[in-house]
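Printed here is query_36.cif (mmCIF, N, CA and C atoms):
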```
data_data
#
loop_
_atom_site.label_atom_id
_atom_site.label_comp_id
_atom_site.auth_asym_id
_atom_site.auth_seq_id
_atom_site.Cartn_x
_atom_site.Cartn_y
_atom_site.Cartn_z
N MET Y 1 79.91 144.74 51.24
CA MET Y 1 78.84 144.48 52.17
C MET Y 1 78.46 145.79 52.84
N GLU Y 2 77.18 146.11 52.84
CA GLU Y 2 76.70 147.33 53.47
C GLU Y 2 76.13 146.97 54.84
N LEU Y 3 76.50 147.73 55.84
CA LEU Y 3 76.06 147.47 57.20
C LEU Y 3 74.89 148.38 57.55
N SER Y 4 73.92 147.84 58.29
CA SER Y 4 72.79 148.64 58.74
C SER Y 4 73.23 149.62 59.81
N SER Y 5 72.41 150.60 60.07
CA SER Y 5 72.75 151.58 61.12
C SER Y 5 72.80 150.90 62.48
N ALA Y 6 71.98 149.87 62.71
CA ALA Y 6 72.03 149.14 63.98
C ALA Y 6 73.36 148.41 64.11
N ALA Y 7 73.84 147.83 63.03
CA ALA Y 7 75.13 147.12 63.07
C ALA Y 7 76.27 148.11 63.31
N ILE Y 8 76.19 149.26 62.68
CA ILE Y 8 77.22 150.27 62.88
C ILE Y 8 77.19 150.77 64.31
N SER Y 9 75.99 150.99 64.86
CA SER Y 9 75.87 151.43 66.26
C SER Y 9 76.45 150.40 67.20
N THR Y 10 76.17 149.14 66.93
CA THR Y 10 76.71 148.06 67.75
C THR Y 10 78.23 148.06 67.68
N LEU Y 11 78.77 148.22 66.50
CA LEU Y 11 80.22 148.24 66.33
C LEU Y 11 80.85 149.42 67.06
N LEU Y 12 80.22 150.59 66.97
CA LEU Y 12 80.75 151.75 67.67
C LEU Y 12 80.70 151.55 69.19
N ALA Y 13 79.62 150.97 69.69
CA ALA Y 13 79.53 150.68 71.13
C ALA Y 13 80.62 149.71 71.53
N ALA Y 14 80.86 148.72 70.70
CA ALA Y 14 81.91 147.74 70.99
C ALA Y 14 83.28 148.41 71.03
N LEU Y 15 83.51 149.35 70.12
CA LEU Y 15 84.77 150.07 70.12
C LEU Y 15 84.96 150.85 71.42
N ILE Y 16 83.92 151.52 71.85
CA ILE Y 16 84.00 152.31 73.08
C ILE Y 16 84.25 151.41 74.28
N LEU Y 17 83.50 150.31 74.36
CA LEU Y 17 83.68 149.38 75.48
C LEU Y 17 85.06 148.77 75.46
N GLY Y 18 85.56 148.43 74.28
CA GLY Y 18 86.88 147.82 74.18
C GLY Y 18 87.98 148.77 74.63
N ALA Y 19 87.91 150.01 74.21
CA ALA Y 19 88.92 150.97 74.62
C ALA Y 19 88.86 151.22 76.11
N ALA Y 20 87.65 151.30 76.65
CA ALA Y 20 87.51 151.53 78.09
C ALA Y 20 88.02 150.35 78.89
N SER Y 21 87.68 149.15 78.46
CA SER Y 21 88.10 147.98 79.24
C SER Y 21 89.60 147.75 79.14
N GLN Y 22 90.20 148.06 78.02
CA GLN Y 22 91.64 147.85 77.85
C GLN Y 22 92.44 148.72 78.79
N SER Y 23 92.03 149.96 78.97
CA SER Y 23 92.84 150.89 79.75
C SER Y 23 92.47 150.92 81.23
N ALA Y 24 91.36 150.35 81.61
CA ALA Y 24 90.87 150.52 82.97
C ALA Y 24 91.82 149.97 84.03
N ILE Y 25 92.36 148.79 83.83
CA ILE Y 25 93.24 148.24 84.85
C ILE Y 25 94.53 149.04 84.91
N ALA Y 26 95.09 149.38 83.77
CA ALA Y 26 96.34 150.13 83.76
C ALA Y 26 96.19 151.48 84.45
N GLU Y 27 95.04 152.12 84.29
CA GLU Y 27 94.83 153.43 84.89
C GLU Y 27 94.68 153.36 86.40
N ASN Y 28 94.28 152.22 86.93
CA ASN Y 28 93.98 152.11 88.34
C ASN Y 28 95.08 151.46 89.15
N VAL Y 29 96.24 151.29 88.59
CA VAL Y 29 97.32 150.62 89.29
C VAL Y 29 97.97 151.56 90.29
N ASN Y 30 98.13 151.08 91.50
CA ASN Y 30 98.86 151.80 92.53
C ASN Y 30 100.33 151.77 92.13
N PRO Y 31 100.99 152.92 92.03
CA PRO Y 31 102.39 152.94 91.57
C PRO Y 31 103.31 152.04 92.40
N GLY Y 32 103.00 151.83 93.68
CA GLY Y 32 103.85 151.00 94.52
C GLY Y 32 103.55 149.52 94.41
N ALA Y 33 102.44 149.15 93.78
CA ALA Y 33 102.04 147.75 93.70
C ALA Y 33 102.73 147.07 92.52
N GLU Y 34 103.15 145.85 92.76
CA GLU Y 34 103.75 145.03 91.69
C GLU Y 34 102.63 144.59 90.75
N PRO Y 35 102.71 144.95 89.46
CA PRO Y 35 101.63 144.55 88.54
C PRO Y 35 101.56 143.02 88.41
N LEU Y 36 100.36 142.53 88.37
CA LEU Y 36 100.15 141.11 88.15
C LEU Y 36 100.36 140.78 86.67
N ALA Y 37 100.71 139.55 86.40
CA ALA Y 37 100.84 139.10 85.00
C ALA Y 37 99.49 139.24 84.30
N LEU Y 38 98.42 139.12 85.06
CA LEU Y 38 97.08 139.26 84.48
C LEU Y 38 96.90 140.64 83.84
N GLN Y 39 97.57 141.64 84.38
CA GLN Y 39 97.47 142.98 83.81
C GLN Y 39 97.96 142.99 82.36
N LYS Y 40 99.09 142.34 82.10
CA LYS Y 40 99.60 142.25 80.72
C LYS Y 40 98.64 141.46 79.84
N VAL Y 41 98.09 140.38 80.38
CA VAL Y 41 97.12 139.58 79.62
C VAL Y 41 95.95 140.47 79.21
N MET Y 42 95.45 141.28 80.15
CA MET Y 42 94.31 142.14 79.84
C MET Y 42 94.68 143.21 78.82
N LYS Y 43 95.86 143.79 78.93
CA LYS Y 43 96.30 144.78 77.94
C LYS Y 43 96.39 144.15 76.56
N ASP Y 44 96.94 142.95 76.49
CA ASP Y 44 97.05 142.25 75.21
C ASP Y 44 95.66 141.94 74.64
N LEU Y 45 94.74 141.53 75.51
CA LEU Y 45 93.37 141.27 75.05
C LEU Y 45 92.76 142.54 74.46
N GLY Y 46 93.01 143.66 75.11
CA GLY Y 46 92.51 144.93 74.58
C GLY Y 46 93.08 145.24 73.20
N LYS Y 47 94.36 144.99 73.02
CA LYS Y 47 94.99 145.21 71.72
C LYS Y 47 94.39 144.28 70.66
N HIS Y 48 94.14 143.04 71.05
CA HIS Y 48 93.54 142.09 70.10
C HIS Y 48 92.11 142.52 69.74
N MET Y 49 91.38 143.05 70.72
CA MET Y 49 90.03 143.54 70.43
C MET Y 49 90.10 144.70 69.44
N GLN Y 50 91.08 145.58 69.60
CA GLN Y 50 91.23 146.69 68.66
C GLN Y 50 91.61 146.19 67.27
N THR Y 51 92.44 145.16 67.21
CA THR Y 51 92.81 144.59 65.92
C THR Y 51 91.58 144.02 65.23
N ILE Y 52 90.74 143.34 66.01
CA ILE Y 52 89.51 142.78 65.43
C ILE Y 52 88.60 143.89 64.94
N THR Y 53 88.48 144.95 65.72
CA THR Y 53 87.65 146.09 65.32
C THR Y 53 88.15 146.65 63.99
N ASP Y 54 89.46 146.78 63.87
CA ASP Y 54 90.05 147.25 62.63
C ASP Y 54 89.72 146.28 61.49
N GLY Y 55 89.87 145.00 61.75
CA GLY Y 55 89.57 143.99 60.73
C GLY Y 55 88.11 144.05 60.28
N ILE Y 56 87.21 144.21 61.24
CA ILE Y 56 85.79 144.30 60.90
C ILE Y 56 85.53 145.54 60.05
N SER Y 57 86.11 146.66 60.44
CA SER Y 57 85.85 147.91 59.70
C SER Y 57 86.33 147.83 58.26
N ARG Y 58 87.34 147.00 58.01
CA ARG Y 58 87.87 146.86 56.65
C ARG Y 58 87.39 145.56 55.98
N GLU Y 59 86.52 144.82 56.70
CA GLU Y 59 86.05 143.52 56.22
C GLU Y 59 87.22 142.60 55.91
N ASP Y 60 88.24 142.67 56.74
CA ASP Y 60 89.41 141.81 56.62
C ASP Y 60 89.16 140.58 57.49
N TRP Y 61 88.40 139.65 56.94
CA TRP Y 61 87.95 138.48 57.71
C TRP Y 61 89.13 137.58 58.09
N ALA Y 62 90.15 137.56 57.27
CA ALA Y 62 91.33 136.75 57.60
C ALA Y 62 92.00 137.28 58.87
N LEU Y 63 92.09 138.59 59.01
CA LEU Y 63 92.67 139.19 60.21
C LEU Y 63 91.82 138.87 61.44
N VAL Y 64 90.51 138.99 61.28
CA VAL Y 64 89.60 138.69 62.40
C VAL Y 64 89.72 137.22 62.78
N GLU Y 65 89.73 136.34 61.79
CA GLU Y 65 89.85 134.91 62.06
C GLU Y 65 91.17 134.58 62.76
N LYS Y 66 92.25 135.22 62.36
CA LYS Y 66 93.56 134.97 62.94
C LYS Y 66 93.66 135.52 64.37
N THR Y 67 92.99 136.62 64.65
CA THR Y 67 93.13 137.29 65.94
C THR Y 67 92.18 136.74 67.00
N ALA Y 68 91.00 136.31 66.62
CA ALA Y 68 90.01 135.84 67.60
C ALA Y 68 90.55 134.74 68.52
N PRO Y 69 91.30 133.76 68.03
CA PRO Y 69 91.84 132.73 68.95
C PRO Y 69 92.83 133.29 69.98
N LEU Y 70 93.45 134.42 69.67
CA LEU Y 70 94.35 135.04 70.64
C LEU Y 70 93.58 135.53 71.86
N ILE Y 71 92.30 135.79 71.67
CA ILE Y 71 91.43 136.18 72.78
C ILE Y 71 90.88 134.93 73.45
N GLY Y 72 90.36 134.03 72.67
CA GLY Y 72 89.74 132.82 73.23
C GLY Y 72 90.72 131.91 73.94
N GLU Y 73 91.96 131.93 73.50
CA GLU Y 73 92.99 131.05 74.09
C GLU Y 73 94.09 131.89 74.74
N HIS Y 74 93.66 132.95 75.43
CA HIS Y 74 94.64 133.86 76.02
C HIS Y 74 95.50 133.16 77.07
N PRO Y 75 96.70 133.67 77.27
CA PRO Y 75 97.60 133.07 78.28
C PRO Y 75 97.01 133.15 79.68
N GLN Y 76 97.42 132.22 80.50
CA GLN Y 76 97.00 132.19 81.90
C GLN Y 76 98.11 132.79 82.75
N PRO Y 77 97.74 133.41 83.88
CA PRO Y 77 98.80 133.89 84.78
C PRO Y 77 99.56 132.72 85.39
N PRO Y 78 100.74 132.98 85.93
CA PRO Y 78 101.51 131.92 86.59
C PRO Y 78 100.72 131.32 87.76
N VAL Y 79 101.08 130.10 88.13
CA VAL Y 79 100.36 129.35 89.16
C VAL Y 79 100.27 130.13 90.47
N ALA Y 80 101.36 130.73 90.92
CA ALA Y 80 101.33 131.48 92.18
C ALA Y 80 100.33 132.64 92.11
N GLU Y 81 100.30 133.30 90.98
CA GLU Y 81 99.35 134.41 90.82
C GLU Y 81 97.92 133.88 90.75
N LYS Y 82 97.72 132.78 90.05
CA LYS Y 82 96.39 132.17 89.99
C LYS Y 82 95.89 131.83 91.39
N THR Y 83 96.79 131.33 92.22
CA THR Y 83 96.42 130.97 93.59
C THR Y 83 95.97 132.22 94.35
N ARG Y 84 96.68 133.32 94.19
CA ARG Y 84 96.27 134.58 94.83
C ARG Y 84 94.91 135.04 94.33
N ILE Y 85 94.69 134.92 93.03
CA ILE Y 85 93.42 135.35 92.44
C ILE Y 85 92.29 134.46 92.94
N ILE Y 86 92.51 133.17 92.96
CA ILE Y 86 91.49 132.23 93.45
C ILE Y 86 91.16 132.53 94.91
N GLY Y 87 92.20 132.80 95.71
CA GLY Y 87 91.98 133.15 97.11
C GLY Y 87 91.13 134.40 97.25
N PHE Y 88 91.39 135.38 96.42
CA PHE Y 88 90.61 136.62 96.46
C PHE Y 88 89.17 136.38 96.00
N MET Y 89 89.00 135.63 94.93
CA MET Y 89 87.67 135.40 94.36
C MET Y 89 86.78 134.56 95.27
N GLY Y 90 87.39 133.61 95.95
CA GLY Y 90 86.61 132.76 96.85
C GLY Y 90 85.44 132.10 96.14
N SER Y 91 84.25 132.27 96.70
CA SER Y 91 83.05 131.61 96.16
C SER Y 91 82.62 132.19 94.81
N LYS Y 92 83.18 133.31 94.42
CA LYS Y 92 82.83 133.92 93.13
C LYS Y 92 83.71 133.42 91.99
N MET Y 93 84.63 132.51 92.30
CA MET Y 93 85.54 132.01 91.27
C MET Y 93 84.78 131.32 90.15
N GLY Y 94 83.71 130.61 90.48
CA GLY Y 94 82.92 129.95 89.44
C GLY Y 94 82.34 130.94 88.45
N LYS Y 95 81.85 132.06 88.94
CA LYS Y 95 81.30 133.09 88.06
C LYS Y 95 82.40 133.70 87.19
N PHE Y 96 83.56 133.94 87.80
CA PHE Y 96 84.71 134.48 87.08
C PHE Y 96 85.10 133.54 85.94
N LYS Y 97 85.18 132.25 86.24
CA LYS Y 97 85.52 131.25 85.22
C LYS Y 97 84.43 131.15 84.15
N SER Y 98 83.19 131.34 84.58
CA SER Y 98 82.08 131.31 83.63
C SER Y 98 82.22 132.42 82.59
N TYR Y 99 82.58 133.61 83.05
CA TYR Y 99 82.81 134.71 82.11
C TYR Y 99 83.96 134.38 81.16
N ASP Y 100 85.00 133.78 81.67
CA ASP Y 100 86.13 133.39 80.82
C ASP Y 100 85.67 132.37 79.78
N GLY Y 101 84.82 131.44 80.19
CA GLY Y 101 84.29 130.47 79.25
C GLY Y 101 83.43 131.12 78.18
N GLU Y 102 82.63 132.09 78.57
CA GLU Y 102 81.81 132.82 77.60
C GLU Y 102 82.71 133.53 76.59
N THR Y 103 83.79 134.11 77.09
CA THR Y 103 84.72 134.81 76.21
C THR Y 103 85.36 133.83 75.23
N HIS Y 104 85.78 132.67 75.74
CA HIS Y 104 86.37 131.64 74.88
C HIS Y 104 85.38 131.24 73.78
N ASN Y 105 84.15 130.94 74.18
CA ASN Y 105 83.15 130.50 73.20
C ASN Y 105 82.84 131.58 72.18
N ALA Y 106 82.69 132.82 72.64
CA ALA Y 106 82.37 133.91 71.72
C ALA Y 106 83.52 134.13 70.72
N ALA Y 107 84.75 134.01 71.19
CA ALA Y 107 85.90 134.17 70.29
C ALA Y 107 85.92 133.06 69.25
N HIS Y 108 85.56 131.85 69.67
CA HIS Y 108 85.51 130.73 68.72
C HIS Y 108 84.43 130.97 67.65
N VAL Y 109 83.26 131.42 68.07
CA VAL Y 109 82.18 131.72 67.12
C VAL Y 109 82.61 132.86 66.19
N LEU Y 110 83.29 133.84 66.73
CA LEU Y 110 83.78 134.96 65.93
C LEU Y 110 84.76 134.48 64.86
N ALA Y 111 85.69 133.64 65.26
CA ALA Y 111 86.66 133.11 64.29
C ALA Y 111 85.96 132.33 63.18
N GLN Y 112 84.98 131.53 63.56
CA GLN Y 112 84.26 130.73 62.55
C GLN Y 112 83.46 131.62 61.61
N ALA Y 113 82.81 132.64 62.15
CA ALA Y 113 82.04 133.56 61.30
C ALA Y 113 82.97 134.28 60.33
N ALA Y 114 84.15 134.67 60.82
CA ALA Y 114 85.12 135.34 59.94
C ALA Y 114 85.62 134.38 58.87
N LYS Y 115 85.87 133.14 59.26
CA LYS Y 115 86.31 132.13 58.29
C LYS Y 115 85.28 131.96 57.18
N ASN Y 116 84.00 132.05 57.57
CA ASN Y 116 82.91 131.91 56.61
C ASN Y 116 82.67 133.19 55.81
N GLY Y 117 83.34 134.29 56.18
CA GLY Y 117 83.15 135.56 55.49
C GLY Y 117 81.77 136.16 55.71
N ASP Y 118 81.15 135.83 56.83
CA ASP Y 118 79.80 136.28 57.15
C ASP Y 118 79.87 137.51 58.05
N GLY Y 119 79.84 138.69 57.43
CA GLY Y 119 80.01 139.95 58.15
C GLY Y 119 79.00 140.16 59.26
N ARG Y 120 77.75 139.87 59.01
CA ARG Y 120 76.72 140.04 60.05
C ARG Y 120 76.99 139.12 61.24
N ALA Y 121 77.34 137.88 60.96
CA ALA Y 121 77.65 136.95 62.04
C ALA Y 121 78.90 137.38 62.80
N VAL Y 122 79.87 137.95 62.09
CA VAL Y 122 81.07 138.46 62.74
C VAL Y 122 80.69 139.56 63.72
N ILE Y 123 79.89 140.50 63.27
CA ILE Y 123 79.49 141.62 64.14
C ILE Y 123 78.69 141.11 65.34
N ASN Y 124 77.79 140.18 65.12
CA ASN Y 124 77.01 139.63 66.23
C ASN Y 124 77.91 138.89 67.22
N ALA Y 125 78.85 138.12 66.71
CA ALA Y 125 79.77 137.39 67.59
C ALA Y 125 80.67 138.36 68.34
N PHE Y 126 81.10 139.42 67.68
CA PHE Y 126 81.94 140.42 68.33
C PHE Y 126 81.16 141.12 69.44
N GLN Y 127 79.91 141.40 69.19
CA GLN Y 127 79.07 142.00 70.22
C GLN Y 127 78.95 141.07 71.43
N THR Y 128 78.77 139.79 71.19
CA THR Y 128 78.70 138.81 72.27
C THR Y 128 80.02 138.77 73.04
N LEU Y 129 81.11 138.81 72.31
CA LEU Y 129 82.43 138.82 72.94
C LEU Y 129 82.60 140.06 73.81
N GLN Y 130 82.28 141.22 73.27
CA GLN Y 130 82.39 142.46 74.03
C GLN Y 130 81.50 142.42 75.27
N THR Y 131 80.31 141.88 75.13
CA THR Y 131 79.38 141.81 76.26
C THR Y 131 79.93 140.92 77.36
N SER Y 132 80.56 139.81 76.99
CA SER Y 132 81.13 138.92 78.02
C SER Y 132 82.27 139.62 78.75
N CYS Y 133 83.09 140.37 78.02
CA CYS Y 133 84.16 141.15 78.66
C CYS Y 133 83.57 142.21 79.59
N TYR Y 134 82.61 142.94 79.08
CA TYR Y 134 81.99 144.01 79.84
C TYR Y 134 81.34 143.47 81.13
N ASN Y 135 80.63 142.39 81.03
CA ASN Y 135 79.95 141.83 82.20
C ASN Y 135 80.96 141.45 83.29
N CYS Y 136 82.04 140.83 82.90
CA CYS Y 136 83.07 140.45 83.86
C CYS Y 136 83.70 141.69 84.48
N HIS Y 137 84.00 142.67 83.67
CA HIS Y 137 84.62 143.90 84.18
C HIS Y 137 83.68 144.61 85.14
N GLN Y 138 82.39 144.66 84.80
CA GLN Y 138 81.42 145.32 85.67
C GLN Y 138 81.37 144.66 87.05
N GLU Y 139 81.43 143.36 87.07
CA GLU Y 139 81.31 142.63 88.33
C GLU Y 139 82.61 142.58 89.13
N PHE Y 140 83.74 142.45 88.45
CA PHE Y 140 84.98 142.13 89.16
C PHE Y 140 86.08 143.19 89.12
N ARG Y 141 86.08 144.09 88.15
CA ARG Y 141 87.23 144.98 88.00
C ARG Y 141 87.48 145.85 89.25
N LYS Y 142 86.48 146.57 89.72
CA LYS Y 142 86.71 147.47 90.86
C LYS Y 142 87.21 146.74 92.09
N PRO Y 143 86.53 145.68 92.53
CA PRO Y 143 87.06 144.99 93.72
C PRO Y 143 88.43 144.36 93.49
N PHE Y 144 88.68 143.88 92.29
CA PHE Y 144 89.97 143.27 91.95
C PHE Y 144 91.08 144.31 92.05
N VAL Y 145 90.88 145.46 91.41
CA VAL Y 145 91.87 146.52 91.42
C VAL Y 145 92.09 147.01 92.84
N LYS Y 146 91.02 147.21 93.59
CA LYS Y 146 91.15 147.68 94.97
C LYS Y 146 91.95 146.68 95.80
N HIS Y 147 91.65 145.39 95.66
CA HIS Y 147 92.33 144.37 96.46
C HIS Y 147 93.82 144.27 96.11
N PHE Y 148 94.13 144.21 94.82
CA PHE Y 148 95.51 143.97 94.40
C PHE Y 148 96.35 145.22 94.26
N TYR Y 149 95.69 146.37 94.05
CA TYR Y 149 96.45 147.60 93.83
C TYR Y 149 96.12 148.71 94.81
N GLY Y 150 95.11 148.48 95.63
CA GLY Y 150 94.78 149.44 96.67
C GLY Y 150 94.18 150.75 96.19
N SER Y 151 93.63 150.76 95.01
CA SER Y 151 93.00 152.00 94.54
C SER Y 151 91.62 151.74 94.01
#
```
Any chance you could put this one into structure tokens?
Amino acid sequence: MELSSAAISTLLAALILGAASQSAIAENVNPGAEPLALQKVMKDLGKHMQTITDGISREDWALVEKTAPLIGEHPQPPVAEKTRIIGFMGSKMGKFKSYDGETHNAAHVLAQAAKNGDGRAVINAFQTLQTSCYNCHQEFRKPFVKHFYGS
């Protein structure tokens, strides 16, 4: 399968966004702050995004199909941590959950496209997935890190 230059550009942008989003929380942690379980979840999501990028680059649709649910059905933080996060989010919790829902849906579409062996649909679904991650990070990452880690 030959990819258009627009598809390649989209894939490269997704790679850059994925690498940036994966490391952003880890880089901003206050050394004295106890890391939240959510930090590990986010690191794992970043690794899964890199695995998918690798799968797409090699047209390994089975790998993409297997990995996408790890993003869409990612682990939740413990109840006590969730309570702290909900308290911090306040009235914005609905928007936060909405982004999580978008991520879940995009990962499901990605898995289905990979199952179908449809490279173009895989790339489009991956772009949607990356965009949902990026949008959430743009809105919530800085205030979240500042609140929980003081930096």
So which residues get picked by the PyMOL selection byres (((chain Y and resi 140 and name CA) around 12) and name CA) here, written as a PDB file with N, CA and C atoms, keeping the file's coordinate frame?
```pdb
ATOM      1  N   SER Y  21      87.680 149.150  78.460  1.00  0.00           N
ATOM      2  CA  SER Y  21      88.100 147.980  79.240  1.00  0.00           C
ATOM      3  C   SER Y  21      89.600 147.750  79.140  1.00  0.00           C
ATOM      4  N   ALA Y  24      91.360 150.350  81.610  1.00  0.00           N
ATOM      5  CA  ALA Y  24      90.870 150.520  82.970  1.00  0.00           C
ATOM      6  C   ALA Y  24      91.820 149.970  84.030  1.00  0.00           C
ATOM      7  N   ILE Y  25      92.360 148.790  83.830  1.00  0.00           N
ATOM      8  CA  ILE Y  25      93.240 148.240  84.850  1.00  0.00           C
ATOM      9  C   ILE Y  25      94.530 149.040  84.910  1.00  0.00           C
ATOM     10  N   ILE Y  85      94.690 134.920  93.030  1.00  0.00           N
ATOM     11  CA  ILE Y  85      93.420 135.350  92.440  1.00  0.00           C
ATOM     12  C   ILE Y  85      92.290 134.460  92.940  1.00  0.00           C
ATOM     13  N   PHE Y  88      91.390 135.380  96.420  1.00  0.00           N
ATOM     14  CA  PHE Y  88      90.610 136.620  96.460  1.00  0.00           C
ATOM     15  C   PHE Y  88      89.170 136.380  96.000  1.00  0.00           C
ATOM     16  N   MET Y  89      89.000 135.630  94.930  1.00  0.00           N
ATOM     17  CA  MET Y  89      87.670 135.400  94.360  1.00  0.00           C
ATOM     18  C   MET Y  89      86.780 134.560  95.270  1.00  0.00           C
ATOM     19  N   LYS Y  92      83.180 133.310  94.420  1.00  0.00           N
ATOM     20  CA  LYS Y  92      82.830 133.920  93.130  1.00  0.00           C
ATOM     21  C   LYS Y  92      83.710 133.420  91.990  1.00  0.00           C
ATOM     22  N   MET Y  93      84.630 132.510  92.300  1.00  0.00           N
ATOM     23  CA  MET Y  93      85.540 132.010  91.270  1.00  0.00           C
ATOM     24  C   MET Y  93      84.780 131.320  90.150  1.00  0.00           C
ATOM     25  N   LYS Y  95      81.850 132.060  88.940  1.00  0.00           N
ATOM     26  CA  LYS Y  95      81.300 133.090  88.060  1.00  0.00           C
ATOM     27  C   LYS Y  95      82.400 133.700  87.190  1.00  0.00           C
ATOM     28  N   PHE Y  96      83.560 133.940  87.800  1.00  0.00           N
ATOM     29  CA  PHE Y  96      84.710 134.480  87.080  1.00  0.00           C
ATOM     30  C   PHE Y  96      85.100 133.540  85.940  1.00  0.00           C
ATOM     31  N   LYS Y  97      85.180 132.250  86.240  1.00  0.00           N
ATOM     32  CA  LYS Y  97      85.520 131.250  85.220  1.00  0.00           C
ATOM     33  C   LYS Y  97      84.430 131.150  84.150  1.00  0.00           C
ATOM     34  N   TYR Y  99      82.580 133.610  83.050  1.00  0.00           N
ATOM     35  CA  TYR Y  99      82.810 134.710  82.110  1.00  0.00           C
ATOM     36  C   TYR Y  99      83.960 134.380  81.160  1.00  0.00           C
ATOM     37  N   CYS Y 133      83.090 140.370  78.020  1.00  0.00           N
ATOM     38  CA  CYS Y 133      84.160 141.150  78.660  1.00  0.00           C
ATOM     39  C   CYS Y 133      83.570 142.210  79.590  1.00  0.00           C
ATOM     40  N   TYR Y 134      82.610 142.940  79.080  1.00  0.00           N
ATOM     41  CA  TYR Y 134      81.990 144.010  79.840  1.00  0.00           C
ATOM     42  C   TYR Y 134      81.340 143.470  81.130  1.00  0.00           C
ATOM     43  N   ASN Y 135      80.630 142.390  81.030  1.00  0.00           N
ATOM     44  CA  ASN Y 135      79.950 141.830  82.200  1.00  0.00           C
ATOM     45  C   ASN Y 135      80.960 141.450  83.290  1.00  0.00           C
ATOM     46  N   CYS Y 136      82.040 140.830  82.900  1.00  0.00           N
ATOM     47  CA  CYS Y 136      83.070 140.450  83.860  1.00  0.00           C
ATOM     48  C   CYS Y 136      83.700 141.690  84.480  1.00  0.00           C
ATOM     49  N   HIS Y 137      84.000 142.670  83.670  1.00  0.00           N
ATOM     50  CA  HIS Y 137      84.620 143.900  84.180  1.00  0.00           C
ATOM     51  C   HIS Y 137      83.680 144.610  85.140  1.00  0.00           C
ATOM     52  N   GLN Y 138      82.390 144.660  84.800  1.00  0.00           N
ATOM     53  CA  GLN Y 138      81.420 145.320  85.670  1.00  0.00           C
ATOM     54  C   GLN Y 138      81.370 144.660  87.050  1.00  0.00           C
ATOM     55  N   GLU Y 139      81.430 143.360  87.070  1.00  0.00           N
ATOM     56  CA  GLU Y 139      81.310 142.630  88.330  1.00  0.00           C
ATOM     57  C   GLU Y 139      82.610 142.580  89.130  1.00  0.00           C
ATOM     58  N   ARG Y 141      86.080 144.090  88.150  1.00  0.00           N
ATOM     59  CA  ARG Y 141      87.230 144.980  88.000  1.00  0.00           C
ATOM     60  C   ARG Y 141      87.480 145.850  89.250  1.00  0.00           C
ATOM     61  N   LYS Y 142      86.480 146.570  89.720  1.00  0.00           N
ATOM     62  CA  LYS Y 142      86.710 147.470  90.860  1.00  0.00           C
ATOM     63  C   LYS Y 142      87.210 146.740  92.090  1.00  0.00           C
ATOM     64  N   PRO Y 143      86.530 145.680  92.530  1.00  0.00           N
ATOM     65  CA  PRO Y 143      87.060 144.990  93.720  1.00  0.00           C
ATOM     66  C   PRO Y 143      88.430 144.360  93.490  1.00  0.00           C
ATOM     67  N   PHE Y 144      88.680 143.880  92.290  1.00  0.00           N
ATOM     68  CA  PHE Y 144      89.970 143.270  91.950  1.00  0.00           C
ATOM     69  C   PHE Y 144      91.080 144.310  92.050  1.00  0.00           C
ATOM     70  N   VAL Y 145      90.880 145.460  91.410  1.00  0.00           N
ATOM     71  CA  VAL Y 145      91.870 146.520  91.420  1.00  0.00           C
ATOM     72  C   VAL Y 145      92.090 147.010  92.840  1.00  0.00           C
ATOM     73  N   LYS Y 146      91.020 147.210  93.590  1.00  0.00           N
ATOM     74  CA  LYS Y 146      91.150 147.680  94.970  1.00  0.00           C
ATOM     75  C   LYS Y 146      91.950 146.680  95.800  1.00  0.00           C
ATOM     76  N   HIS Y 147      91.650 145.390  95.660  1.00  0.00           N
ATOM     77  CA  HIS Y 147      92.330 144.370  96.460  1.00  0.00           C
ATOM     78  C   HIS Y 147      93.820 144.270  96.110  1.00  0.00           C
ATOM     79  N   PHE Y 148      94.130 144.210  94.820  1.00  0.00           N
ATOM     80  CA  PHE Y 148      95.510 143.970  94.400  1.00  0.00           C
ATOM     81  C   PHE Y 148      96.350 145.220  94.260  1.00  0.00           C
TER      82      PHE Y 148
END
```
List every residue of region 103-127 of chain Y that has an atom at most 9 Å from any atom of region 51-56 of chain Y, giving for each one its closest atom pair and the distance in Å to one decimal, counting only C-alpha atoms, sorted by chain and then by ascending residue number, as a tab-separated table.
```
residue	atom	partner	partner_atom	distance
Y:Gly119	CA	Y:Ile56	CA	7.7
Y:Val122	CA	Y:Ile56	CA	7.7
Y:Ile123	CA	Y:Ile56	CA	7.6
Y:Phe126	CA	Y:Ile52	CA	8.4
```
Mind pulling up the distance from atom N of Asn116 (chain Y) to atom C of Pro75 (chain Y)?
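Spanning atom C of Pro75 (chain Y) to atom N of Asn116 (chain Y) is a straight-line distance of 25.7 Å.
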Find the spatial neighbours of Gly72 (chain Y), counting only C-alpha atoms, within a cut-off of 9 Å - ignore same-chain residues fewer than 4 positions away - and output them as a PyMOL selection string.
chain Y and resi 68+100-101+103-108
Counting only C-alpha atoms, figure out which residue out of Y:Ala121, Y:Thr128, Y:Pro78, Y:Leu110 gets nearest to Leu63 (chain Y).
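Comparing Y:Ala121, Y:Thr128, Y:Pro78, Y:Leu110 against Leu63 (chain Y), the winner is Y:Leu110.
You will find CA of Ala62 (chain Y) at 22.9 Å from CA of Ser132 (chain Y).
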How many Å lie between atom C of Ala80 (chain Y) and CA of Met42 (chain Y), rounded to one decimal?
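These two atoms are separated by 16.6 Å.
With all atoms listed in the file as the atoms that count, the minimum distance from Gln76 (chain Y) to the choices Y:Asn124, Y:Asp118, Y:Leu38, Y:Thr131 is reached by Y:Leu38.
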Who sits within 7 Å of Lys115 (chain Y), all atoms listed in the file, same chain under 6 positions skipped, as an mmCIF file with N, CA and C atoms, in the frame of the given file:
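The file below, result24.cif, is the result:
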```cif
data_model
loop_
_atom_site.group_PDB
_atom_site.id
_atom_site.type_symbol
_atom_site.label_atom_id
_atom_site.label_comp_id
_atom_site.auth_asym_id
_atom_site.auth_seq_id
_atom_site.Cartn_x
_atom_site.Cartn_y
_atom_site.Cartn_z
ATOM 1 N N TRP Y 61 88.400 139.650 56.940
ATOM 2 C CA TRP Y 61 87.950 138.480 57.710
ATOM 3 C C TRP Y 61 89.130 137.580 58.090
ATOM 4 N N ALA Y 62 90.150 137.560 57.270
ATOM 5 C CA ALA Y 62 91.330 136.750 57.600
ATOM 6 C C ALA Y 62 92.000 137.280 58.870
ATOM 7 N N VAL Y 64 90.510 138.990 61.280
ATOM 8 C CA VAL Y 64 89.600 138.690 62.400
ATOM 9 C C VAL Y 64 89.720 137.220 62.780
ATOM 10 N N GLU Y 65 89.730 136.340 61.790
ATOM 11 C CA GLU Y 65 89.850 134.910 62.060
ATOM 12 C C GLU Y 65 91.170 134.580 62.760
#
```
